[in-house]
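*Asks:* Next up, run-v1.tsv (TSV, C-alpha atoms).
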```
chain	number	residue	atom	x	y	z
A	1	MET	CA	19.42	-83.07	76.17
A	2	ALA	CA	19.96	-79.29	76.33
A	3	GLN	CA	18.36	-76.53	74.28
A	4	ILE	CA	21.06	-74.52	72.51
A	5	ALA	CA	20.74	-71.39	70.36
A	6	ILE	CA	23.12	-70.44	67.56
A	7	ILE	CA	23.06	-66.93	66.13
A	8	GLY	CA	24.20	-66.90	62.51
A	9	ALA	CA	23.83	-69.64	59.90
A	10	GLY	CA	27.20	-69.21	58.25
A	11	VAL	CA	29.37	-72.31	57.97
A	12	ALA	CA	30.68	-71.91	61.54
A	13	GLY	CA	27.16	-71.90	62.95
A	14	LEU	CA	26.06	-74.77	60.71
A	15	ALA	CA	29.10	-76.89	61.58
A	16	ALA	CA	28.56	-76.30	65.29
A	17	GLY	CA	24.88	-77.08	64.96
A	18	ARG	CA	25.54	-80.43	63.29
A	19	GLU	CA	27.97	-81.43	66.05
A	20	LEU	CA	25.57	-80.49	68.82
A	21	VAL	CA	22.66	-82.31	67.22
A	22	ARG	CA	24.85	-85.40	66.80
A	23	SER	CA	25.57	-85.25	70.53
A	24	GLY	CA	21.85	-85.36	71.30
A	25	HIS	CA	21.17	-81.68	71.94
A	26	SER	CA	18.31	-79.64	70.50
A	27	VAL	CA	19.61	-76.75	68.40
A	28	THR	CA	17.83	-73.67	67.04
A	29	ILE	CA	19.75	-71.47	64.57
A	30	PHE	CA	18.72	-67.87	63.94
A	31	GLU	CA	19.75	-66.26	60.63
A	32	LYS	CA	18.85	-62.71	59.65
A	33	SER	CA	19.13	-63.29	55.87
A	34	GLY	CA	16.93	-65.41	53.66
A	35	SER	CA	19.41	-68.26	53.22
A	36	ALA	CA	21.98	-70.24	55.18
A	37	GLY	CA	25.68	-70.48	54.41
A	38	GLY	CA	26.95	-66.92	54.85
A	39	ARG	CA	29.54	-66.21	52.22
A	40	VAL	CA	29.28	-69.78	50.87
A	41	ALA	CA	26.43	-68.74	48.61
A	42	THR	CA	25.58	-68.89	44.92
A	43	GLN	CA	23.71	-66.24	42.92
A	44	ARG	CA	22.00	-67.18	39.64
A	45	VAL	CA	21.51	-64.84	36.67
A	46	GLY	CA	19.93	-66.51	33.67
A	47	GLY	CA	22.06	-69.51	32.77
A	48	PHE	CA	24.98	-68.34	34.93
A	49	ALA	CA	25.85	-69.22	38.54
A	50	ILE	CA	28.07	-66.92	40.61
A	51	ASP	CA	29.99	-67.74	43.78
A	52	HIS	CA	30.16	-64.15	44.97
A	53	GLY	CA	31.76	-65.07	48.29
A	54	ALA	CA	33.86	-68.17	48.89
A	55	GLN	CA	35.42	-69.18	45.59
A	56	LEU	CA	36.82	-72.50	46.73
A	57	VAL	CA	37.29	-74.59	49.85
A	58	LYS	CA	40.48	-76.15	51.17
A	59	ALA	CA	40.40	-79.39	53.14
A	60	PRO	CA	43.86	-79.80	54.72
A	61	THR	CA	42.79	-82.30	57.41
A	62	GLY	CA	41.25	-85.73	57.26
A	63	ARG	CA	38.07	-84.56	58.93
A	64	LEU	CA	37.58	-81.71	56.48
A	65	GLN	CA	38.27	-84.08	53.60
A	66	THR	CA	35.59	-86.42	54.94
A	67	LEU	CA	33.12	-83.53	55.09
A	68	VAL	CA	33.85	-82.62	51.47
A	69	GLU	CA	33.40	-86.22	50.39
A	70	GLU	CA	30.10	-86.47	52.28
A	71	THR	CA	28.56	-83.90	49.96
A	72	GLY	CA	28.92	-86.43	47.15
A	73	GLU	CA	29.54	-83.96	44.32
A	74	ALA	CA	32.67	-81.88	44.94
A	75	ASP	CA	35.56	-81.76	42.46
A	76	ASP	CA	39.09	-80.39	42.56
A	77	LEU	CA	39.75	-79.87	38.86
A	78	LEU	CA	40.48	-76.14	38.94
A	79	GLY	CA	43.61	-74.74	37.36
A	80	PRO	CA	46.32	-72.82	39.19
A	81	VAL	CA	46.04	-69.51	41.03
A	82	TRP	CA	48.52	-66.93	39.76
A	83	ILE	CA	49.59	-63.68	41.42
A	84	PHE	CA	49.72	-60.01	40.41
A	85	ASP	CA	50.97	-56.82	42.02
A	86	GLY	CA	49.72	-53.25	42.26
A	87	ASP	CA	51.23	-52.41	38.87
A	88	GLY	CA	49.37	-55.25	37.17
A	89	ARG	CA	52.42	-57.49	36.70
A	90	VAL	CA	51.27	-61.11	36.49
A	91	ASN	CA	53.33	-64.15	37.49
A	92	PRO	CA	52.70	-67.86	38.22
A	93	GLY	CA	51.64	-68.50	41.77
A	94	ASP	CA	53.06	-70.51	44.64
A	95	PRO	CA	53.62	-74.08	43.35
A	96	VAL	CA	53.00	-75.53	46.83
A	97	PHE	CA	49.65	-73.74	47.12
A	98	ASN	CA	48.66	-74.78	43.61
A	99	VAL	CA	49.11	-78.50	44.16
A	100	GLU	CA	46.72	-78.43	47.13
A	101	PRO	CA	43.18	-79.47	46.13
A	102	LYS	CA	40.77	-76.57	45.62
A	103	TRP	CA	37.27	-77.95	46.12
A	104	VAL	CA	34.21	-76.55	44.33
A	105	TRP	CA	30.73	-77.89	43.65
A	106	PRO	CA	29.09	-78.18	40.21
A	107	GLY	CA	26.44	-75.54	39.79
A	108	GLY	CA	27.46	-73.59	42.88
A	109	ASN	CA	29.39	-73.82	46.14
A	110	THR	CA	26.13	-73.38	48.00
A	111	ALA	CA	25.92	-77.19	47.77
A	112	LEU	CA	28.25	-77.27	50.77
A	113	SER	CA	25.90	-74.99	52.72
A	114	ARG	CA	22.94	-77.17	51.83
A	115	HIS	CA	24.77	-80.24	53.09
A	116	LEU	CA	25.72	-78.56	56.38
A	117	SER	CA	22.14	-77.30	56.82
A	118	ARG	CA	20.47	-80.66	56.33
A	119	GLY	CA	18.34	-81.64	59.33
A	120	LEU	CA	18.94	-78.42	61.28
A	121	ASN	CA	16.21	-76.19	62.70
A	122	ILE	CA	17.04	-72.84	61.07
A	123	HIS	CA	14.90	-69.72	61.47
A	124	LEU	CA	15.66	-67.62	58.37
A	125	GLU	CA	14.94	-63.89	58.13
A	126	THR	CA	15.08	-63.69	61.91
A	127	ALA	CA	17.39	-60.94	63.15
A	128	VAL	CA	18.32	-61.40	66.81
A	129	ALA	CA	18.20	-58.11	68.68
A	130	THR	CA	19.11	-59.10	72.22
A	131	LEU	CA	19.48	-61.87	74.78
A	132	ARG	CA	17.81	-62.00	78.17
A	133	ARG	CA	18.70	-64.03	81.23
A	134	ALA	CA	15.99	-66.57	82.05
A	135	GLY	CA	16.79	-68.64	85.12
A	136	THR	CA	20.02	-70.49	84.41
A	137	GLY	CA	19.69	-69.97	80.65
A	138	TYR	CA	18.85	-67.32	78.06
A	139	GLU	CA	15.94	-66.15	75.99
A	140	VAL	CA	16.55	-64.95	72.44
A	141	LEU	CA	14.54	-61.89	71.34
A	142	ASP	CA	14.29	-61.00	67.65
A	143	ASP	CA	13.78	-57.52	66.24
A	144	GLY	CA	10.09	-58.25	65.65
A	145	GLY	CA	9.43	-58.84	69.34
A	146	GLY	CA	9.46	-62.64	69.18
A	147	VAL	CA	10.95	-64.57	72.10
A	148	GLU	CA	12.51	-68.05	71.98
A	149	GLY	CA	14.01	-70.03	74.85
A	150	ALA	CA	15.18	-70.59	77.43
A	151	PHE	CA	18.47	-71.95	76.08
A	152	ALA	CA	21.17	-73.52	78.22
A	153	ALA	CA	23.85	-72.02	75.95
A	154	VAL	CA	24.05	-69.47	73.16
A	155	LEU	CA	26.71	-69.50	70.43
A	156	LEU	CA	27.20	-66.25	68.52
A	157	THR	CA	28.80	-66.71	65.09
A	158	ALA	CA	27.83	-63.42	63.40
A	159	PRO	CA	30.73	-61.04	62.58
A	160	ALA	CA	32.24	-59.43	65.67
A	161	PRO	CA	30.52	-56.00	65.28
A	162	GLN	CA	27.10	-57.66	64.94
A	163	SER	CA	27.71	-60.04	67.83
A	164	ALA	CA	28.93	-57.11	69.94
A	165	ALA	CA	25.77	-55.11	69.17
A	166	ILE	CA	23.61	-58.02	70.37
A	167	LEU	CA	25.61	-58.44	73.57
A	168	ALA	CA	25.67	-54.70	74.28
A	169	ALA	CA	21.87	-54.60	74.14
A	170	SER	CA	21.38	-57.78	76.17
A	171	ASP	CA	20.00	-58.12	79.67
A	172	ILE	CA	22.82	-60.28	80.99
A	173	GLU	CA	25.36	-60.18	83.82
A	174	ALA	CA	27.26	-56.89	83.52
A	175	SER	CA	30.68	-58.46	84.06
A	176	THR	CA	29.97	-61.12	81.43
A	177	ARG	CA	28.90	-58.49	78.91
A	178	ALA	CA	31.97	-56.35	79.61
A	179	GLU	CA	34.38	-59.26	79.26
A	180	LEU	CA	32.92	-60.49	75.99
A	181	LEU	CA	32.73	-57.00	74.49
A	182	ALA	CA	36.36	-56.36	75.40
A	183	ALA	CA	37.36	-59.64	73.76
A	184	LEU	CA	35.41	-58.82	70.58
A	185	ALA	CA	36.85	-55.31	70.25
A	186	PRO	CA	40.15	-56.24	68.50
A	187	ALA	CA	38.47	-57.99	65.55
A	188	ARG	CA	38.84	-56.03	62.30
A	189	TYR	CA	37.21	-56.59	58.90
A	190	ARG	CA	37.67	-55.46	55.30
A	191	ARG	CA	34.74	-54.59	53.06
A	192	CYS	CA	34.49	-56.12	49.62
A	193	LEU	CA	32.44	-55.33	46.54
A	194	SER	CA	32.19	-58.47	44.43
A	195	VAL	CA	31.49	-57.81	40.73
A	196	ALA	CA	30.60	-60.61	38.30
A	197	LEU	CA	30.96	-59.84	34.58
A	198	ALA	CA	29.45	-62.02	31.83
A	199	TYR	CA	30.83	-62.08	28.27
A	200	ALA	CA	29.82	-63.74	25.01
A	201	ARG	CA	33.37	-64.98	24.40
A	202	ARG	CA	35.63	-67.11	26.61
A	203	PRO	CA	39.38	-66.43	26.90
A	204	GLU	CA	42.06	-69.11	26.90
A	205	LEU	CA	44.14	-68.51	30.03
A	206	PRO	CA	46.82	-70.48	31.91
A	207	TRP	CA	45.22	-69.71	35.29
A	208	TYR	CA	41.86	-70.22	36.97
A	209	ALA	CA	42.28	-67.18	39.23
A	210	MET	CA	44.73	-64.50	40.29
A	211	VAL	CA	45.30	-62.91	43.68
A	212	ASN	CA	46.85	-59.52	44.42
A	213	ILE	CA	49.88	-60.01	46.66
A	214	ASP	CA	50.60	-56.44	47.83
A	215	ARG	CA	47.08	-55.01	48.36
A	216	ARG	CA	47.91	-52.11	46.03
A	217	HIS	CA	45.69	-53.09	43.10
A	218	PRO	CA	41.98	-52.16	43.02
A	219	ILE	CA	41.18	-55.86	42.45
A	220	ALA	CA	42.01	-58.28	45.26
A	221	TRP	CA	40.96	-61.49	43.46
A	222	LEU	CA	40.02	-62.22	39.85
A	223	ALA	CA	38.58	-65.61	38.89
A	224	CYS	CA	37.34	-67.37	35.79
A	225	GLU	CA	34.06	-68.66	37.20
A	226	HIS	CA	33.38	-70.33	33.86
A	227	ASP	CA	36.16	-72.83	34.66
A	228	LYS	CA	33.82	-74.36	37.25
A	229	ALA	CA	31.20	-76.84	36.07
A	230	GLY	CA	27.73	-75.42	35.62
A	231	ARG	CA	28.67	-71.77	36.00
A	232	ALA	CA	28.26	-70.41	32.45
A	233	PRO	CA	26.69	-71.40	29.11
A	234	HIS	CA	29.02	-73.01	26.57
A	235	GLY	CA	31.47	-70.53	25.05
A	236	HIS	CA	30.56	-67.72	27.48
A	237	ALA	CA	32.88	-66.23	30.06
A	238	LEU	CA	32.06	-65.31	33.65
A	239	LEU	CA	34.71	-63.28	35.45
A	240	LEU	CA	34.45	-62.59	39.17
A	241	ALA	CA	36.33	-59.55	40.47
A	242	GLN	CA	36.46	-59.23	44.23
A	243	MET	CA	37.55	-55.66	44.74
A	244	GLY	CA	40.04	-54.53	47.36
A	245	PRO	CA	38.95	-52.61	50.47
A	246	THR	CA	40.00	-49.13	49.26
A	247	TRP	CA	38.11	-49.45	45.97
A	248	SER	CA	35.17	-51.08	47.73
A	249	GLU	CA	34.91	-48.28	50.28
A	250	ALA	CA	35.11	-45.64	47.55
A	251	HIS	CA	32.34	-47.28	45.46
A	252	TRP	CA	30.21	-48.78	48.24
A	253	GLU	CA	27.21	-46.56	47.50
A	254	ASP	CA	27.69	-46.76	43.72
A	255	LEU	CA	26.93	-50.47	43.37
A	256	ALA	CA	23.98	-51.76	45.34
A	257	LYS	CA	23.40	-55.50	45.32
A	258	GLY	CA	21.80	-56.53	42.02
A	259	THR	CA	22.21	-57.15	38.29
A	260	TYR	CA	23.00	-54.31	35.89
A	261	GLY	CA	22.94	-54.05	32.10
A	262	LEU	CA	20.21	-56.53	31.28
A	263	GLY	CA	18.13	-55.59	28.23
A	264	ALA	CA	20.87	-53.30	26.89
A	265	ALA	CA	20.58	-51.00	29.92
A	266	PRO	CA	23.77	-49.01	30.55
A	267	LEU	CA	26.18	-50.25	33.18
A	268	PRO	CA	27.05	-48.04	36.17
A	269	GLU	CA	30.43	-46.33	35.93
A	270	ALA	CA	31.76	-48.43	38.81
A	271	ALA	CA	30.90	-51.66	36.95
A	272	ILE	CA	32.58	-50.34	33.79
A	273	GLU	CA	35.68	-49.52	35.84
A	274	ALA	CA	35.72	-53.06	37.28
A	275	HIS	CA	35.38	-54.41	33.71
A	276	ASP	CA	38.33	-52.32	32.49
A	277	LEU	CA	40.51	-53.37	35.43
A	278	ALA	CA	39.64	-57.04	34.97
A	279	LEU	CA	40.36	-57.13	31.23
A	280	ALA	CA	43.67	-55.35	31.77
A	281	LEU	CA	44.72	-58.30	33.94
A	282	VAL	CA	43.25	-60.87	31.54
A	283	GLY	CA	45.18	-59.25	28.69
A	284	GLU	CA	42.48	-60.00	26.15
A	285	ASP	CA	39.57	-57.96	24.78
A	286	LEU	CA	36.35	-59.87	25.45
A	287	GLY	CA	34.09	-57.10	24.24
A	288	GLU	CA	31.48	-55.34	26.33
A	289	PRO	CA	29.95	-57.23	29.26
A	290	LEU	CA	26.55	-58.80	28.69
A	291	TRP	CA	25.73	-57.71	32.24
A	292	ALA	CA	27.31	-57.13	35.63
A	293	ASP	CA	26.12	-58.44	38.98
A	294	ALA	CA	27.23	-56.88	42.26
A	295	HIS	CA	27.24	-58.16	45.81
A	296	ARG	CA	28.35	-56.22	48.88
A	297	TRP	CA	30.19	-57.93	51.74
A	298	ARG	CA	30.39	-55.51	54.66
A	299	TYR	CA	32.38	-58.01	56.74
A	300	ALA	CA	34.18	-59.84	53.94
A	301	LEU	CA	37.50	-60.75	55.52
A	302	CYS	CA	38.61	-60.65	59.12
A	303	ASP	CA	42.13	-59.23	59.38
A	304	ALA	CA	42.55	-59.40	63.16
A	305	PRO	CA	41.09	-61.97	65.58
A	306	CYS	CA	39.11	-61.31	68.71
A	307	GLY	CA	40.66	-61.84	72.12
A	308	ALA	CA	41.20	-65.40	73.30
A	309	ALA	CA	39.05	-64.82	76.40
A	310	ALA	CA	35.93	-64.65	74.22
A	311	LEU	CA	36.42	-68.10	72.79
A	312	GLU	CA	36.29	-70.09	76.02
A	313	GLY	CA	32.80	-68.84	76.76
A	314	ARG	CA	31.37	-67.14	79.81
A	315	ASP	CA	28.15	-67.99	81.65
A	316	GLY	CA	26.86	-70.13	78.79
A	317	LEU	CA	27.73	-67.62	76.03
A	318	TYR	CA	30.19	-68.64	73.30
A	319	LEU	CA	31.71	-67.21	70.12
A	320	ALA	CA	32.91	-68.78	66.87
A	321	GLY	CA	33.61	-67.89	63.24
A	322	ASP	CA	36.12	-65.86	61.26
A	323	MET	CA	36.77	-63.66	64.28
A	324	GLU	CA	38.43	-66.61	66.05
A	325	ARG	CA	41.28	-67.01	63.54
A	326	GLY	CA	41.36	-63.52	62.02
A	327	GLN	CA	41.19	-65.01	58.52
A	328	GLY	CA	38.35	-65.41	56.05
A	329	ARG	CA	38.74	-69.08	55.15
A	330	VAL	CA	35.83	-71.50	54.91
A	331	HIS	CA	37.67	-74.47	56.38
A	332	LEU	CA	38.88	-72.38	59.33
A	333	ALA	CA	35.33	-71.19	60.02
A	334	ILE	CA	34.08	-74.80	59.95
A	335	GLU	CA	36.82	-75.85	62.37
A	336	SER	CA	35.92	-72.92	64.61
A	337	GLY	CA	32.33	-74.14	64.73
A	338	TRP	CA	33.44	-77.67	65.58
A	339	ALA	CA	35.70	-76.37	68.36
A	340	ALA	CA	32.91	-74.24	69.83
A	341	ALA	CA	30.57	-77.24	69.83
A	342	ARG	CA	33.17	-79.23	71.77
A	343	ARG	CA	33.47	-76.46	74.36
A	344	ILE	CA	29.70	-76.30	74.77
A	345	MET	CA	29.39	-80.08	75.07
A	346	ALA	CA	32.19	-80.19	77.63
A	347	SER	CA	30.50	-77.47	79.70
A	348	LEU	CA	27.24	-79.41	79.63
A	349	GLY	CA	28.96	-82.60	80.71
A	350	ARG	CA	28.30	-84.46	77.48
A	351	GLU	CA	30.58	-86.77	75.53
A	352	VAL	CA	32.79	-84.89	73.07
A	353	TYR	CA	33.16	-86.24	69.52
A	354	ALA	CA	36.69	-86.64	68.22
```
With the file now loaded, output its structure as structure tokens.
*Replies:*
Amino acid sequence: MAQIAIIGAGVAGLAAGRELVRSGHSVTIFEKSGSAGGRVATQRVGGFAIDHGAQLVKAPTGRLQTLVEETGEADDLLGPVWIFDGDGRVNPGDPVFNVEPKWVWPGGNTALSRHLSRGLNIHLETAVATLRRAGTGYEVLDDGGGVEGAFAAVLLTAPAPQSAAILAASDIEASTRAELLAALAPARYRRCLSVALAYARRPELPWYAMVNIDRRHPIAWLACEHDKAGRAPHGHALLLAQMGPTWSEAHWEDLAKGTYGLGAAPLPEAAIEAHDLALALVGEDLGEPLWADAHRWRYALCDAPCGAAALEGRDGLYLAGDMERGQGRVHLAIESGWAAARRIMASLGREVYA
């Protein structure tokens, strides 16, 4: 049995951790936030539940389908996803895409994160600052001065800029650091401000969500969260507008994470603008929002992958996550974690699970 550290408790880190524990290894996961799951997270405001990050999960392979079924509560009853362009023209979406199951979990997609986390040793609110060589392994040092280890292998699953900052500060072999940093450098991310808007009236629409196809509209994705079970009180609407990178950059400082408008407090101008843009696409006046809730994703979507050299690992250091595929898709991140676990197990001479 080897001691293995994973930095980041997003779905890639959790999936890798489960595989390594199944193979008989001891795994410690370090997560800087207060919860596991990364963007597969659910925020609650009163009787509403908001999936600010991952709206749905695809399961195009048998193994992913088995994982979804293991949670015991997923459903695929969502309506179609339509498309719109920069001028606000709305059309039905890709019929092939729309017949594929879109999995969600009643009450919040965080149910998937909870399932992946079960039985894992996760240190929440522990920001890793640096790694340090310790014999043939590594020690993990957090930003509070704590030291854990030594670990035979370390898997970094945080977004590429955060993983690069850890490696740049680490006391490791210079050539290893240089190679991994060079491999991480190509990864590119888009920011996203996610704005949830609650209404006292629910529209009747032919779509569950819409996606912008030309990246010219201020909204990148607009969803009827109330179409998911357990997301909104009866008769109420919950719209989720994930704003495009240009709008998000322009309003990044205008909308801090939090809920606005409760108790008849005025909404920030940026939230009002998101409301106006959303209702223009909906094509129906739902009245003024009951409240708005904002979440900021600094590394929302990876547009370009890291170099292939980073993925094979070097001197017991490995990488996984969105940066591997250059796409922000939950199922791809899970598969990346599984693949990283197989590489680690192979390097340690252990049996690899199929």
*Asks:* In terms of the shortest atom-to-atom distance over only C-alpha atoms, which of A:Val154, A:Leu124, A:Ala183, A:Leu286 is closest to Ala5 (chain A)?
*Replies:*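 Nearest to Ala5 (chain A): A:Val154.
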*Asks:* Check the smallest atom-to-atom distance from each of A:Leu239, A:Ile122, A:Leu348, A:Ala320 to Asp276 (chain A) using all atoms listed in the file, then report the winner.
*Replies:*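 Going through A:Leu239, A:Ile122, A:Leu348, A:Ala320 one by one, the smallest distance to Asp276 (chain A) is for A:Leu239.
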*Asks:* Just how far from CA of Gly119 (chain A) is CA of Ala152 (chain A), in Å to one decimal?
*Replies:*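 Computed distance, CA of Ala152 (chain A) to CA of Gly119 (chain A), equals 20.8 Å.
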*Asks:* Which residues are near Arg114 (chain A)? Cut-off 12 Å, all atoms listed in the file, ignore same chain within fewer than 3 positions. Put them as a VMD selection string.
*Replies:* chain A and resid 9 to 11 14 to 15 35 to 38 40 to 42 70 to 72 105 108 to 111 117 to 120 122
*Asks:* Could you state the separation of CA of Arg22 (chain A) and CA of Ala346 (chain A) in Å, given to one decimal place?
*Replies:*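 Taking CA of Arg22 (chain A) as the start and CA of Ala346 (chain A) as the end point, the length is 14.1 Å.
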*Asks:* What does the distance between CA of Val21 (chain A) and CA of Ala134 (chain A) come to in Å, to one decimal place?
*Replies:*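 These atoms are spaced 22.6 Å apart.
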*Asks:* Taking 3 positions as the minimum chain separation for residues in the same chain, which residues sit within 12 Å of Ala178 (chain A) when counting only C-alpha atoms? Answer as a ChimeraX atom specification.
*Replies:* /A:164,167-170,172-175,181-185,309-310,314
*Asks:* With the cut-off set at 8 Å and counting all atoms listed in the file, tabulate each residue of region 173-258 of chain A with an atom at most that distance from an atom of region 293-306 of chain A, showing the nearest atom pair and its distance in Å to one decimal, ordered by chain and increasing number, as a tab-separated table.
*Replies:*
```
residue	atom	partner	partner_atom	distance
A:Ala183	CA	A:Cys306	CA	5.6
A:Leu184	CA	A:Cys306	CA	4.8
A:Ala185	CA	A:Cys306	CA	6.6
A:Pro186	CA	A:Cys306	CA	5.2
A:Ala187	CA	A:Cys306	CA	4.6
A:Arg188	CA	A:Ala304	CA	5.1
A:Tyr189	CA	A:Cys302	CA	4.3
A:Arg190	CA	A:Leu301	CA	5.3
A:Arg191	CA	A:Arg298	CA	4.7
A:Cys192	CA	A:Trp297	CA	5.1
A:Leu193	CA	A:Arg296	CA	4.8
A:Ser194	CA	A:His295	CA	5.1
A:Val195	CA	A:Ala294	CA	4.6
A:Ala196	CA	A:Asp293	CA	5.0
A:Leu197	CA	A:Asp293	CA	6.7
A:Trp252	CA	A:Arg296	CA	7.7
A:Leu255	CA	A:Ala294	CA	6.5
A:Ala256	CA	A:Ala294	CA	6.8
A:Lys257	CA	A:His295	CA	4.7
A:Gly258	CA	A:Ala294	CA	5.4
```
*Asks:* With only C-alpha atoms as the basis for distance, which of A:Gly283, A:Gly316, A:Gly62, A:Gly244 is at the shortest distance from Leu155 (chain A)?
*Replies:*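 Among the listed residues, the smallest separation from Leu155 (chain A) belongs to A:Gly316.
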*Asks:* Using all atoms listed in the file, which residue out of A:Val81, A:Leu180, A:Leu281, A:Val140 lies closest to Pro206 (chain A)?
*Replies:*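 Nearest candidate to Pro206 (chain A) out of A:Val81, A:Leu180, A:Leu281, A:Val140: A:Val81.
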*Asks:* Quick one: everything within 10 Å of Val128 (chain A), counting all atoms listed in the file, minus sequence neighbours fewer than 5 positions away in the same chain. Send it as a list in words.
*Replies:* Ile7, Gly8, Phe30, Glu31, Lys32, Val140, Leu141, Asp142, Asp143, Gly144, Gly145, Gly146, Val147, Gln162, Ser163 and Ile166 of chain A
*Asks:* Taking 3 positions as the minimum chain separation for residues in the same chain, which residues sit within 12 Å of Asp214 (chain A) when counting all atoms listed in the file? Answer as a compact mmCIF listing (two decimals) with C-alpha atoms, in the frame of the given file.
*Replies:*
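Written output follows (selection_25.txt):
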```txt
# COMPACT_ATOMS: atom_id res chain seq x y z
CA ILE A 83 49.59 -63.68 41.42
CA PHE A 84 49.72 -60.01 40.41
CA ASP A 85 50.97 -56.82 42.02
CA GLY A 86 49.72 -53.25 42.26
CA ASP A 87 51.23 -52.41 38.87
CA GLY A 88 49.37 -55.25 37.17
CA ARG A 89 52.42 -57.49 36.70
CA VAL A 211 45.30 -62.91 43.68
CA HIS A 217 45.69 -53.09 43.10
CA PRO A 218 41.98 -52.16 43.02
CA ILE A 219 41.18 -55.86 42.45
CA ALA A 220 42.01 -58.28 45.26
CA TRP A 221 40.96 -61.49 43.46
CA GLY A 244 40.04 -54.53 47.36
```
*Asks:* Skip Asp76 (chain A) itself and residues of its chain fewer than 4 positions away, then list as a CSV table (one decimal) with C-alpha atoms, in the frame of the given file all residues within 12 Å of it, counting only C-alpha atoms.
*Replies:*
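In the end it all went to around.csv:
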```csv
chain,number,residue,atom,x,y,z
A,56,LEU,CA,36.8,-72.5,46.7
A,57,VAL,CA,37.3,-74.6,49.8
A,58,LYS,CA,40.5,-76.2,51.2
A,59,ALA,CA,40.4,-79.4,53.1
A,65,GLN,CA,38.3,-84.1,53.6
A,68,VAL,CA,33.8,-82.6,51.5
A,69,GLU,CA,33.4,-86.2,50.4
A,80,PRO,CA,46.3,-72.8,39.2
A,98,ASN,CA,48.7,-74.8,43.6
A,99,VAL,CA,49.1,-78.5,44.2
A,100,GLU,CA,46.7,-78.4,47.1
A,101,PRO,CA,43.2,-79.5,46.1
A,102,LYS,CA,40.8,-76.6,45.6
A,103,TRP,CA,37.3,-78.0,46.1
A,104,VAL,CA,34.2,-76.6,44.3
A,105,TRP,CA,30.7,-77.9,43.6
A,106,PRO,CA,29.1,-78.2,40.2
A,208,TYR,CA,41.9,-70.2,37.0
A,227,ASP,CA,36.2,-72.8,34.7
A,228,LYS,CA,33.8,-74.4,37.2
A,229,ALA,CA,31.2,-76.8,36.1
```
*Asks:* Which residue out of A:Leu131, A:Ala292, A:Leu238, A:Met243 has the minimum interatomic distance to Ala153 (chain A) when only C-alpha atoms are used?
*Replies:*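 That would be A:Leu131, the residue with the smallest distance to Ala153 (chain A).
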*Asks:* Kindly provide, as number ranges by chain, the polymer residues lying within 12 Å of (42.1, -68.5, 26.7), counting all atoms listed in the file and using the coordinates exactly as they appear in the file.
*Replies:* A: 201-208, 224, 226-227, 235-237, 282-286
*Asks:* Select all residues near (34.8, -49.0, 39.9) (cut-off 9 Å, inclusive, file coordinates), counting all atoms listed in the file, and output them as a PyMOL selection string.
*Replies:* chain A and resi 218+243+247-248+250-251+254-255+268-277
*Asks:* Between A:Gly313, A:Gly13, A:Gly307, A:Gly321, which is the closest to Ile344 (chain A) once you count only C-alpha atoms?
*Replies:* A:Gly313
*Asks:* Grab region 64-86 of chain A from that structure and dump C-alpha atoms to a file, as a CSV table (one decimal), in the first residue's frame.
*Replies:*
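Generated file (part.csv):
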```csv
chain,number,residue,atom,x,y,z
A,64,LEU,CA,-20.1,6.4,-16.6
A,65,GLN,CA,-23.6,5.0,-16.8
A,66,THR,CA,-22.8,2.6,-14.0
A,67,LEU,CA,-21.5,5.5,-11.9
A,68,VAL,CA,-24.7,7.5,-12.4
A,69,GLU,CA,-26.8,4.5,-11.5
A,70,GLU,CA,-24.7,3.9,-8.3
A,71,THR,CA,-25.9,7.2,-6.9
A,72,GLY,CA,-29.4,5.7,-6.8
A,73,GLU,CA,-31.4,8.9,-7.4
A,74,ALA,CA,-30.4,10.4,-10.8
A,75,ASP,CA,-33.1,11.1,-13.5
A,76,ASP,CA,-32.9,12.1,-17.1
A,77,LEU,CA,-36.3,13.7,-17.6
A,78,LEU,CA,-35.1,17.2,-18.7
A,79,GLY,CA,-36.5,18.8,-21.8
A,80,PRO,CA,-34.5,19.8,-24.9
A,81,VAL,CA,-31.6,22.3,-25.1
A,82,TRP,CA,-32.3,25.0,-27.7
A,83,ILE,CA,-29.8,27.4,-29.3
A,84,PHE,CA,-29.6,31.2,-29.7
A,85,ASP,CA,-27.2,33.5,-31.4
A,86,GLY,CA,-25.7,36.9,-30.6
```
